[in-house]
$ cat query11.pdb   # PDB, C-alpha atoms
MODEL        1
ATOM      1  CA  MET A   1      24.683  -7.926 -42.454
ATOM      2  CA  GLY A   2      26.266 -11.143 -41.243
ATOM      3  CA  LYS A   3      26.028 -10.094 -37.592
ATOM      4  CA  ARG A   4      22.366  -9.119 -37.985
ATOM      5  CA  ASN A   5      21.521 -12.515 -39.575
ATOM      6  CA  ARG A   6      23.268 -14.307 -36.753
ATOM      7  CA  LEU A   7      21.360 -12.347 -34.100
ATOM      8  CA  HIS A   8      18.083 -12.944 -35.913
ATOM      9  CA  ILE A   9      18.733 -16.707 -36.091
ATOM     10  CA  GLN A  10      19.720 -16.836 -32.411
ATOM     11  CA  GLN A  11      16.496 -15.035 -31.403
ATOM     12  CA  GLU A  12      14.427 -17.525 -33.393
ATOM     13  CA  GLU A  13      16.200 -20.461 -31.690
ATOM     14  CA  ASP A  14      15.549 -18.952 -28.237
ATOM     15  CA  GLU A  15      11.866 -18.508 -29.059
ATOM     16  CA  GLU A  16      11.587 -22.127 -30.228
ATOM     17  CA  ARG A  17      13.204 -23.321 -26.979
ATOM     18  CA  ASN A  18      10.747 -21.282 -24.903
ATOM     19  CA  ASP A  19       7.811 -22.655 -26.900
ATOM     20  CA  SER A  20       9.026 -26.221 -26.416
ATOM     21  CA  ASN A  21       9.377 -25.656 -22.640
ATOM     22  CA  ASP A  22       5.834 -24.267 -22.479
ATOM     23  CA  ASP A  23       4.535 -27.275 -24.390
ATOM     24  CA  SER A  24       6.315 -29.678 -22.025
ATOM     25  CA  ASP A  25       4.881 -27.862 -18.982
ATOM     26  CA  SER A  26       1.384 -28.011 -20.421
ATOM     27  CA  ASN A  27       1.853 -31.699 -21.236
ATOM     28  CA  SER A  28       3.000 -32.426 -17.681
ATOM     29  CA  ASP A  29       0.011 -30.539 -16.273
ATOM     30  CA  SER A  30      -2.358 -32.421 -18.545
ATOM     31  CA  SER A  31      -0.727 -35.745 -17.576
ATOM     32  CA  ASP A  32      -1.160 -34.876 -13.874
ATOM     33  CA  ASP A  33      -4.824 -34.080 -14.479
ATOM     34  CA  GLU A  34      -5.269 -37.355 -16.332
ATOM     35  CA  ASN A  35      -3.634 -39.269 -13.455
ATOM     36  CA  THR A  36      -5.900 -37.652 -10.879
ATOM     37  CA  LYS A  37      -8.934 -38.403 -13.044
ATOM     38  CA  SER A  38      -7.833 -42.014 -13.480
ATOM     39  CA  ILE A  39      -7.420 -42.349  -9.694
ATOM     40  CA  GLU A  40     -10.915 -40.953  -9.155
ATOM     41  CA  ILE A  41     -12.333 -43.307 -11.775
ATOM     42  CA  THR A  42     -10.621 -46.334 -10.235
ATOM     43  CA  ASN A  43     -12.087 -45.391  -6.857
ATOM     44  CA  LYS A  44     -15.558 -45.418  -8.385
ATOM     45  CA  LEU A  45     -15.052 -48.599 -10.407
ATOM     46  CA  TYR A  46     -16.848 -51.827  -9.553
ATOM     47  CA  ILE A  47     -13.770 -54.041  -9.042
ATOM     48  CA  ASN A  48     -14.844 -56.714  -6.524
ATOM     49  CA  LYS A  49     -17.470 -58.320  -8.730
ATOM     50  CA  GLN A  50     -19.344 -60.598  -6.341
ATOM     51  CA  ARG A  51     -22.764 -61.750  -7.486
ATOM     52  CA  VAL A  52     -24.978 -63.952  -5.327
ATOM     53  CA  LEU A  53     -27.677 -66.247  -6.685
ATOM     54  CA  ILE A  54     -30.547 -66.491  -4.183
ATOM     55  CA  ILE A  55     -32.886 -69.350  -5.030
ATOM     56  CA  ALA A  56     -35.274 -71.670  -3.195
ATOM     57  CA  SER A  57     -36.824 -75.057  -3.773
ATOM     58  CA  ARG A  58     -40.510 -75.714  -4.304
ATOM     59  CA  GLY A  59     -42.644 -76.360  -1.250
ATOM     60  CA  ILE A  60     -41.218 -73.428   0.697
ATOM     61  CA  THR A  61     -43.531 -72.110   3.409
ATOM     62  CA  ALA A  62     -44.671 -68.518   3.899
ATOM     63  CA  ARG A  63     -42.270 -67.836   6.777
ATOM     64  CA  TYR A  64     -39.293 -69.131   4.830
ATOM     65  CA  ARG A  65     -40.347 -67.154   1.755
ATOM     66  CA  HIS A  66     -40.441 -63.960   3.815
ATOM     67  CA  LEU A  67     -36.931 -64.735   5.081
ATOM     68  CA  LEU A  68     -35.829 -65.145   1.461
ATOM     69  CA  GLU A  69     -37.275 -61.746   0.565
ATOM     70  CA  ASP A  70     -35.556 -60.145   3.572
ATOM     71  CA  LEU A  71     -32.192 -61.492   2.428
ATOM     72  CA  LYS A  72     -32.797 -60.103  -1.051
ATOM     73  CA  LYS A  73     -33.318 -56.663   0.485
ATOM     74  CA  LEU A  74     -30.100 -56.969   2.491
ATOM     75  CA  ILE A  75     -28.024 -58.201  -0.470
ATOM     76  CA  PRO A  76     -28.276 -55.693  -3.351
ATOM     77  CA  HIS A  77     -25.750 -57.640  -5.460
ATOM     78  CA  HIS A  78     -28.062 -60.668  -5.677
ATOM     79  CA  LYS A  79     -29.725 -62.283  -8.646
ATOM     80  CA  LYS A  80     -32.899 -64.310  -8.401
ATOM     81  CA  ASP A  81     -34.518 -67.095 -10.359
ATOM     82  CA  ASN A  82     -37.619 -69.278 -10.287
ATOM     83  CA  LYS A  83     -38.115 -71.946  -7.669
ATOM     84  CA  LEU A  84     -36.185 -75.129  -8.275
ATOM     85  CA  ASP A  85     -37.916 -78.490  -8.388
ATOM     86  CA  SER A  86     -36.933 -80.282  -5.192
ATOM     87  CA  LYS A  87     -37.065 -83.677  -6.909
ATOM     88  CA  GLY A  88     -34.513 -82.643  -9.514
ATOM     89  CA  ASP A  89     -30.736 -82.615  -9.313
ATOM     90  CA  ILE A  90     -29.303 -80.038  -6.926
ATOM     91  CA  ASN A  91     -26.374 -79.425  -9.303
ATOM     92  CA  ALA A  92     -28.805 -77.552 -11.551
ATOM     93  CA  VAL A  93     -28.236 -74.589  -9.215
ATOM     94  CA  ASN A  94     -24.644 -74.373 -10.453
ATOM     95  CA  GLU A  95     -25.856 -74.235 -14.047
ATOM     96  CA  ILE A  96     -28.295 -71.444 -13.196
ATOM     97  CA  ALA A  97     -25.512 -69.545 -11.433
ATOM     98  CA  GLU A  98     -23.329 -69.872 -14.516
ATOM     99  CA  LEU A  99     -26.101 -68.525 -16.730
ATOM    100  CA  LYS A 100     -26.633 -65.605 -14.324
ATOM    101  CA  SER A 101     -22.855 -64.923 -14.085
ATOM    102  CA  CYS A 102     -22.922 -65.499 -10.318
ATOM    103  CA  ASN A 103     -19.958 -66.717  -8.282
ATOM    104  CA  ASN A 104     -21.831 -67.221  -4.971
ATOM    105  CA  ILE A 105     -24.902 -69.293  -4.112
ATOM    106  CA  ILE A 106     -27.518 -69.118  -1.355
ATOM    107  CA  TYR A 107     -29.909 -72.023  -1.860
ATOM    108  CA  PHE A 108     -32.866 -72.685   0.469
ATOM    109  CA  GLU A 109     -34.096 -76.262   0.506
ATOM    110  CA  THR A 110     -37.318 -77.176   2.308
ATOM    111  CA  ARG A 111     -38.091 -80.727   3.415
ATOM    112  CA  LYS A 112     -41.442 -81.996   4.673
ATOM    113  CA  ARG A 113     -42.670 -78.379   4.529
ATOM    114  CA  GLN A 114     -41.180 -77.715   7.963
ATOM    115  CA  ASP A 115     -37.388 -78.152   7.863
ATOM    116  CA  LEU A 116     -35.251 -75.467   6.174
ATOM    117  CA  TYR A 117     -31.685 -76.048   4.983
ATOM    118  CA  MET A 118     -29.382 -73.418   3.511
ATOM    119  CA  TYR A 119     -26.487 -74.051   1.146
ATOM    120  CA  LEU A 120     -23.880 -71.297   1.015
ATOM    121  CA  GLY A 121     -20.909 -71.638  -1.293
ATOM    122  CA  LYS A 122     -18.721 -70.528  -4.149
ATOM    123  CA  THR A 123     -19.445 -71.685  -7.657
ATOM    124  CA  PRO A 124     -18.265 -73.564  -9.630
ATOM    125  CA  GLN A 125     -15.152 -74.665  -7.711
ATOM    126  CA  GLY A 126     -16.418 -74.472  -4.125
ATOM    127  CA  PRO A 127     -16.216 -74.831  -1.180
ATOM    128  CA  SER A 128     -19.777 -74.866   0.163
ATOM    129  CA  VAL A 129     -21.454 -75.237   3.546
ATOM    130  CA  LYS A 130     -24.757 -76.843   4.467
ATOM    131  CA  PHE A 131     -26.690 -75.328   7.393
ATOM    132  CA  GLN A 132     -29.984 -76.005   9.088
ATOM    133  CA  VAL A 133     -31.870 -72.750   9.696
ATOM    134  CA  VAL A 134     -33.840 -72.549  12.951
ATOM    135  CA  ASN A 135     -35.390 -69.853  15.173
ATOM    136  CA  ILE A 136     -36.447 -67.731  12.203
ATOM    137  CA  HIS A 137     -37.989 -64.295  12.787
ATOM    138  CA  THR A 138     -38.572 -62.061   9.763
ATOM    139  CA  MET A 139     -38.663 -58.249   9.590
ATOM    140  CA  ASP A 140     -42.438 -58.071   9.283
ATOM    141  CA  GLU A 141     -42.917 -60.428  12.175
ATOM    142  CA  LEU A 142     -40.601 -58.666  14.610
ATOM    143  CA  LYS A 143     -41.790 -55.090  13.874
ATOM    144  CA  LEU A 144     -38.635 -53.612  15.340
ATOM    145  CA  THR A 145     -37.911 -49.884  15.334
ATOM    146  CA  GLY A 146     -34.631 -50.185  13.420
ATOM    147  CA  ASN A 147     -34.517 -49.076   9.804
ATOM    148  CA  CYS A 148     -31.857 -48.767   7.102
ATOM    149  CA  MET A 149     -31.519 -47.602   3.520
ATOM    150  CA  ILE A 150     -32.163 -50.234   0.861
ATOM    151  CA  GLY A 151     -28.909 -51.024  -0.913
ATOM    152  CA  SER A 152     -26.606 -49.620   1.753
ATOM    153  CA  ARG A 153     -23.319 -51.393   2.440
ATOM    154  CA  PRO A 154     -23.096 -53.203   5.795
ATOM    155  CA  LEU A 155     -20.308 -53.588   8.291
ATOM    156  CA  LEU A 156     -19.698 -57.283   8.985
ATOM    157  CA  ASN A 157     -18.989 -58.118  12.618
ATOM    158  CA  PHE A 158     -17.646 -61.588  13.432
ATOM    159  CA  ASP A 159     -17.132 -63.279  16.749
ATOM    160  CA  SER A 160     -13.505 -63.875  17.740
ATOM    161  CA  ASN A 161     -14.202 -67.621  17.714
ATOM    162  CA  PHE A 162     -14.299 -67.534  13.908
ATOM    163  CA  ASP A 163     -10.487 -67.225  13.862
ATOM    164  CA  GLU A 164      -9.810 -70.144  16.192
ATOM    165  CA  LYS A 165     -10.787 -73.162  14.051
ATOM    166  CA  PRO A 166     -10.294 -73.795  10.309
ATOM    167  CA  HIS A 167     -13.919 -74.668   9.511
ATOM    168  CA  TYR A 168     -15.096 -71.413  11.075
ATOM    169  CA  GLN A 169     -12.549 -69.523   8.974
ATOM    170  CA  VAL A 170     -14.016 -71.077   5.817
ATOM    171  CA  MET A 171     -17.522 -70.053   6.907
ATOM    172  CA  LYS A 172     -16.313 -66.520   7.638
ATOM    173  CA  ALA A 173     -14.851 -66.162   4.140
ATOM    174  CA  LEU A 174     -18.110 -67.364   2.574
ATOM    175  CA  PHE A 175     -20.164 -64.961   4.711
ATOM    176  CA  ILE A 176     -17.952 -62.036   3.647
ATOM    177  CA  ASP A 177     -18.378 -62.789  -0.062
ATOM    178  CA  ALA A 178     -22.130 -63.352   0.212
ATOM    179  CA  PHE A 179     -23.281 -60.647   2.654
ATOM    180  CA  GLY A 180     -20.578 -58.031   2.057
ATOM    181  CA  THR A 181     -21.813 -55.618  -0.621
ATOM    182  CA  PRO A 182     -18.962 -54.797  -3.062
ATOM    183  CA  LYS A 183     -17.850 -51.189  -3.318
ATOM    184  CA  GLY A 184     -19.168 -49.451  -6.415
ATOM    185  CA  HIS A 185     -21.886 -51.966  -7.211
ATOM    186  CA  PRO A 186     -24.525 -50.361  -9.466
ATOM    187  CA  LYS A 187     -27.406 -51.303  -7.157
ATOM    188  CA  SER A 188     -25.634 -50.335  -3.937
ATOM    189  CA  LYS A 189     -25.492 -46.954  -2.244
ATOM    190  CA  PRO A 190     -22.292 -45.429  -0.837
ATOM    191  CA  PHE A 191     -23.594 -45.374   2.727
ATOM    192  CA  VAL A 192     -22.847 -47.521   5.754
ATOM    193  CA  ASP A 193     -25.794 -47.365   8.148
ATOM    194  CA  ARG A 194     -26.133 -50.962   9.387
ATOM    195  CA  ILE A 195     -24.051 -53.793  10.774
ATOM    196  CA  MET A 196     -24.521 -57.551  10.392
ATOM    197  CA  SER A 197     -23.237 -59.604  13.306
ATOM    198  CA  PHE A 198     -22.324 -63.285  13.389
ATOM    199  CA  PHE A 199     -21.897 -64.909  16.805
ATOM    200  CA  ILE A 200     -20.908 -68.475  17.689
ATOM    201  CA  ILE A 201     -22.947 -69.765  20.635
ATOM    202  CA  LYS A 202     -22.908 -73.479  21.481
ATOM    203  CA  ASN A 203     -21.412 -74.330  18.061
ATOM    204  CA  ASN A 204     -24.300 -72.540  16.316
ATOM    205  CA  ILE A 205     -24.088 -69.277  14.373
ATOM    206  CA  TRP A 206     -26.501 -66.542  15.454
ATOM    207  CA  VAL A 207     -27.137 -63.872  12.816
ATOM    208  CA  ARG A 208     -28.404 -60.406  13.745
ATOM    209  CA  ASN A 209     -28.823 -57.159  11.766
ATOM    210  CA  TYR A 210     -28.604 -53.736  13.456
ATOM    211  CA  GLN A 211     -28.992 -50.121  12.442
ATOM    212  CA  ILE A 212     -26.198 -47.707  13.375
ATOM    213  CA  ILE A 213     -27.541 -44.542  15.030
ATOM    214  CA  ASP A 214     -24.905 -41.804  15.117
ATOM    215  CA  LYS A 215     -24.728 -39.274  17.908
ATOM    216  CA  ASP A 216     -25.134 -36.386  15.444
ATOM    217  CA  ASP A 217     -28.399 -37.818  14.099
ATOM    218  CA  ARG A 218     -30.047 -37.865  17.523
ATOM    219  CA  LYS A 219     -31.690 -34.953  19.281
ATOM    220  CA  ASP A 220     -30.714 -36.177  22.718
ATOM    221  CA  SER A 221     -27.155 -36.496  23.981
ATOM    222  CA  LYS A 222     -26.900 -40.299  23.799
ATOM    223  CA  ASP A 223     -23.841 -41.852  22.239
ATOM    224  CA  THR A 224     -23.758 -43.894  19.048
ATOM    225  CA  HIS A 225     -25.656 -47.125  19.562
ATOM    226  CA  LEU A 226     -27.385 -49.944  17.659
ATOM    227  CA  ILE A 227     -31.054 -50.722  17.038
ATOM    228  CA  GLU A 228     -32.041 -54.124  15.711
ATOM    229  CA  ILE A 229     -33.671 -54.271  12.296
ATOM    230  CA  GLY A 230     -34.077 -57.976  11.594
ATOM    231  CA  PRO A 231     -34.317 -60.675  10.446
ATOM    232  CA  ARG A 232     -33.122 -63.090  13.108
ATOM    233  CA  PHE A 233     -32.093 -66.672  12.491
ATOM    234  CA  VAL A 234     -29.694 -69.324  13.749
ATOM    235  CA  LEU A 235     -27.518 -71.475  11.497
ATOM    236  CA  ILE A 236     -26.534 -74.984  12.602
ATOM    237  CA  PRO A 237     -23.477 -76.163  10.606
ATOM    238  CA  ILE A 238     -23.841 -79.660   9.198
ATOM    239  CA  ARG A 239     -21.110 -80.200   6.610
ATOM    240  CA  ILE A 240     -18.493 -78.401   4.541
ATOM    241  CA  PHE A 241     -18.024 -79.742   1.014
ATOM    242  CA  SER A 242     -14.937 -79.363  -1.158
ATOM    243  CA  SER A 243     -16.895 -78.302  -4.259
ATOM    244  CA  SER A 244     -20.104 -76.406  -4.894
ATOM    245  CA  LEU A 245     -23.175 -78.152  -3.387
ATOM    246  CA  GLY A 246     -21.358 -81.457  -3.043
ATOM    247  CA  GLY A 247     -18.068 -83.261  -3.245
ATOM    248  CA  ALA A 248     -15.773 -84.581  -0.568
ATOM    249  CA  THR A 249     -16.612 -83.769   3.045
ATOM    250  CA  LEU A 250     -14.060 -81.422   4.588
ATOM    251  CA  TYR A 251     -15.856 -81.041   7.920
ATOM    252  CA  GLN A 252     -18.800 -82.756   9.596
ATOM    253  CA  ASN A 253     -20.572 -81.674  12.741
ATOM    254  CA  MET A 254     -20.661 -84.854  14.816
ATOM    255  CA  SER A 255     -22.954 -83.328  17.441
ATOM    256  CA  TYR A 256     -25.648 -82.479  14.898
ATOM    257  CA  VAL A 257     -29.021 -84.188  15.392
ATOM    258  CA  THR A 258     -31.417 -84.299  12.458
ATOM    259  CA  PRO A 259     -35.005 -83.024  12.867
ATOM    260  CA  ASN A 260     -36.324 -86.506  12.084
ATOM    261  CA  GLU A 261     -34.448 -87.916  15.057
ATOM    262  CA  VAL A 262     -35.768 -85.127  17.293
ATOM    263  CA  ARG A 263     -39.355 -85.821  16.211
ATOM    264  CA  ALA A 264     -38.876 -89.579  16.599
ATOM    265  CA  GLU A 265     -37.583 -89.041  20.121
ATOM    266  CA  SER A 266     -40.601 -86.880  20.988
ATOM    267  CA  TYR A 267     -42.913 -89.575  19.613
ATOM    268  CA  ARG A 268     -41.129 -92.169  21.716
ATOM    269  CA  ASP A 269     -41.569 -89.984  24.781
ATOM    270  CA  LYS A 270     -45.298 -89.721  24.097
ATOM    271  CA  SER A 271     -45.589 -93.455  23.600
ATOM    272  CA  ASN A 272     -43.643 -94.030  26.821
ATOM    273  CA  ARG A 273     -46.020 -91.740  28.700
ATOM    274  CA  TYR A 274     -49.010 -93.715  27.398
ATOM    275  CA  LYS A 275     -47.319 -96.964  28.358
ATOM    276  CA  GLN A 276     -46.639 -95.610  31.838
ATOM    277  CA  ARG A 277     -50.311 -94.685  32.281
ATOM    278  CA  SER A 278     -51.508 -98.097  31.099
ATOM    279  CA  ASP A 279     -48.974 -99.869  33.345
ATOM    280  CA  TYR A 280     -50.117 -97.766  36.278
ATOM    281  CA  LYS A 281     -53.727 -98.818  35.708
ATOM    282  CA  VAL A 282     -52.766-102.500  35.710
ATOM    283  CA  THR A 283     -50.610-102.215  38.826
ATOM    284  CA  HIS A 284     -53.276-100.198  40.630
ATOM    285  CA  LYS A 285     -55.891-102.836  39.838
ATOM    286  CA  GLU A 286     -53.602-105.592  41.126
ATOM    287  CA  TYR A 287     -52.929-103.568  44.266
ATOM    288  CA  LEU A 288     -56.639-103.190  44.974
ATOM    289  CA  GLU A 289     -57.200-106.917  44.486
ATOM    290  CA  GLU A 290     -54.341-107.847  46.825
ATOM    291  CA  ASN A 291     -55.251-105.358  49.541
ATOM    292  CA  GLN A 292     -58.993-105.846  49.951
ATOM    293  CA  LEU A 293     -60.522-104.991  53.338
ATOM    294  CA  PRO A 294     -62.064-107.853  55.378
ATOM    295  CA  PRO A 295     -65.892-107.960  55.502
ATOM    296  CA  ASP A 296     -67.450-105.713  58.142
ATOM    297  CA  GLU A 297     -69.606-107.609  60.649
ATOM    298  CA  LEU A 298     -71.749-104.524  61.346
ATOM    299  CA  SER A 299     -72.508-103.678  57.761
ATOM    300  CA  ASN A 300     -76.140-103.402  56.646
ATOM    301  CA  LYS A 301     -75.854-106.533  54.561
ATOM    302  CA  ARG A 302     -74.730-108.545  57.576
ATOM    303  CA  VAL A 303     -77.181-107.100  60.095
ATOM    304  CA  PHE A 304     -80.380-107.076  58.007
ATOM    305  CA  SER A 305     -79.754-110.148  55.951
TER     306      SER A 305
ENDMDL
END

$ encode --input "query11.pdb" --output "structure tokens"
Amino acid sequence: MGKRNRLHIQQEEDEERNDSNDDSDSNSDSSDDENTKSIEITNKLYINKQRVLIIASRGITARYRHLLEDLKKLIPHHKKDNKLDSKGDINAVNEIAELKSCNNIIYFETRKRQDLYMYLGKTPQGPSVKFQVVNIHTMDELKLTGNCMIGSRPLLNFDSNFDEKPHYQVMKALFIDAFGTPKGHPKSKPFVDRIMSFFIIKNNIWVRNYQIIDKDDRKDSKDTHLIEIGPRFVLIPIRIFSSSLGGATLYQNMSYVTPNEVRAESYRDKSNRYKQRSDYKVTHKEYLEENQLPPDELSNKRVFS
């Protein structure tokens, strides 16, 4: 009887060991499944939380308003607000961005209903850049054949000159945060079908937006190429500030000429042209008086007088 009890106890211990090994294997398998699921979830998570406040001042024209709407279509991670009173304090934009939980700002300021300035920066710490926007062509105006999906993520293409100077590097970082759609954003789509290009030409930044046409999507045998979508515009850098929408000046474009100076110069040219015409009339009259022909002896007045 003692031997039988010992064998019975030993069999029970072996069974318990086998059960514990099975439980450990199942736990390891379940832990592996949980790890793979966590990796998949982290890939889908919205980690780079960049939000851009797009706002304009009152007095904006129709062309500039259409450009604002085009940028809203290209930036799905934007948040909008009502027009800001141009006579108020510009720092109110930072307060609106804080209320909207935004960490980037694109602010359009219109002066004299003809000059457009764009502030691009990080809030609330900065830095920020002030541009003048010229040569504006919207999507509706161009009527180009390019097209892209609303909310798609773009590829950002930068000129090699952006890496040569420090102020261009700051602008590049701000462009990436503002125009680069974060991965996993709720309003974005997991497709890359367009490319935004930034080129430096004569110290100005040319912005273009293209659609990417793959070779597989075409019926003919042409290679992958680009078709412009729009909008088009040129940014003239003016200043880089240390904080958001103000602060100490980190960089100033010394070759920048304000639109008021350009208009004043054109007015001076017009006034100079008028002065030249009036001076010519006076000199021509003096010339005629000094170079009068002598009286003709055979004229009718002389002969029949």

$ atom_distance --input "query11.pdb" --atom1 "atom CA of A:Ser243" --atom2 "atom CA of A:Ile90"
12.8 Å

$ resolve_selection --input "query11.pdb" --expression "the PyMOL selection byres ((chain A and resi 232) around 12)" --output "NGL selection string"
:A and (64 or 66-67 or 70-71 or 133-144 or 196-199 or 205-210 or 228-231 or 233-235)

$ atom_distance --input "query11.pdb" --atom1 "atom CA of A:Asn82" --atom2 "atom CA of A:Glu95"
13.3 Å

$ resolve_selection --input "query11.pdb" --expression "the PyMOL selection byres ((chain A and resi 149) around 9)" --output "PDB file with C-alpha atoms, keeping the file's coordinate frame"
ATOM      1  CA  ASN A 147     -34.517 -49.076   9.804  1.00  0.00           C
ATOM      2  CA  CYS A 148     -31.857 -48.767   7.102  1.00  0.00           C
ATOM      3  CA  ILE A 150     -32.163 -50.234   0.861  1.00  0.00           C
ATOM      4  CA  GLY A 151     -28.909 -51.024  -0.913  1.00  0.00           C
ATOM      5  CA  SER A 152     -26.606 -49.620   1.753  1.00  0.00           C
ATOM      6  CA  LYS A 189     -25.492 -46.954  -2.244  1.00  0.00           C
ATOM      7  CA  PHE A 191     -23.594 -45.374   2.727  1.00  0.00           C
ATOM      8  CA  VAL A 192     -22.847 -47.521   5.754  1.00  0.00           C
ATOM      9  CA  ASP A 193     -25.794 -47.365   8.148  1.00  0.00           C
ATOM     10  CA  ARG A 194     -26.133 -50.962   9.387  1.00  0.00           C
TER      11      ARG A 194
END

$ resolve_selection --input "query11.pdb" --expression "the PyMOL selection byres ((chain A and resi 249-262) around 6)" --output "list in words"
Ile238, Arg239, Ile240, Phe241, Ala248, Arg263, Ala264 and Glu265 of chain A

$ atom_distance --input "query11.pdb" --atom1 "atom CA of A:Ile54" --atom2 "atom CA of A:Val129"
14.8 Å

$ residues_around --input "query11.pdb" --residues "A:Ser244" --least-positions-apart "2" --cutoff "12 Å" --atoms "all atoms listed in the file" --output "JSON list (two decimals) with C-alpha atoms, in the coordinates of the input"
[["chain", "number", "residue", "atom", "x", "y", "z"],
["A", 90, "ILE", "CA", -29.30, -80.04, -6.93],
["A", 91, "ASN", "CA", -26.37, -79.42, -9.30],
["A", 92, "ALA", "CA", -28.80, -77.55, -11.55],
["A", 93, "VAL", "CA", -28.24, -74.59, -9.22],
["A", 94, "ASN", "CA", -24.64, -74.37, -10.45],
["A", 95, "GLU", "CA", -25.86, -74.24, -14.05],
["A", 97, "ALA", "CA", -25.51, -69.54, -11.43],
["A", 103, "ASN", "CA", -19.96, -66.72, -8.28],
["A", 104, "ASN", "CA", -21.83, -67.22, -4.97],
["A", 105, "ILE", "CA", -24.90, -69.29, -4.11],
["A", 106, "ILE", "CA", -27.52, -69.12, -1.36],
["A", 107, "TYR", "CA", -29.91, -72.02, -1.86],
["A", 119, "TYR", "CA", -26.49, -74.05, 1.15],
["A", 120, "LEU", "CA", -23.88, -71.30, 1.01],
["A", 121, "GLY", "CA", -20.91, -71.64, -1.29],
["A", 122, "LYS", "CA", -18.72, -70.53, -4.15],
["A", 123, "THR", "CA", -19.44, -71.68, -7.66],
["A", 124, "PRO", "CA", -18.26, -73.56, -9.63],
["A", 125, "GLN", "CA", -15.15, -74.67, -7.71],
["A", 126, "GLY", "CA", -16.42, -74.47, -4.12],
["A", 127, "PRO", "CA", -16.22, -74.83, -1.18],
["A", 128, "SER", "CA", -19.78, -74.87, 0.16],
["A", 129, "VAL", "CA", -21.45, -75.24, 3.55],
["A", 130, "LYS", "CA", -24.76, -76.84, 4.47],
["A", 174, "LEU", "CA", -18.11, -67.36, 2.57],
["A", 240, "ILE", "CA", -18.49, -78.40, 4.54],
["A", 241, "PHE", "CA", -18.02, -79.74, 1.01],
["A", 242, "SER", "CA", -14.94, -79.36, -1.16],
["A", 246, "GLY", "CA", -21.36, -81.46, -3.04],
["A", 247, "GLY", "CA", -18.07, -83.26, -3.24],
["A", 248, "ALA", "CA", -15.77, -84.58, -0.57],
["A", 249, "THR", "CA", -16.61, -83.77, 3.04]]

$ closest_residue --input "query11.pdb" --among "A:Ser299, A:Gln292, A:Thr110, A:Asn157" --to "A:Ile176" --atoms "all atoms listed in the file"
A:Asn157

$ closest_residue --input "query11.pdb" --among "A:Tyr46, A:Cys102, A:Ser266, A:Lys112" --to "A:Gly59" --atoms "only C-alpha atoms"
A:Lys112
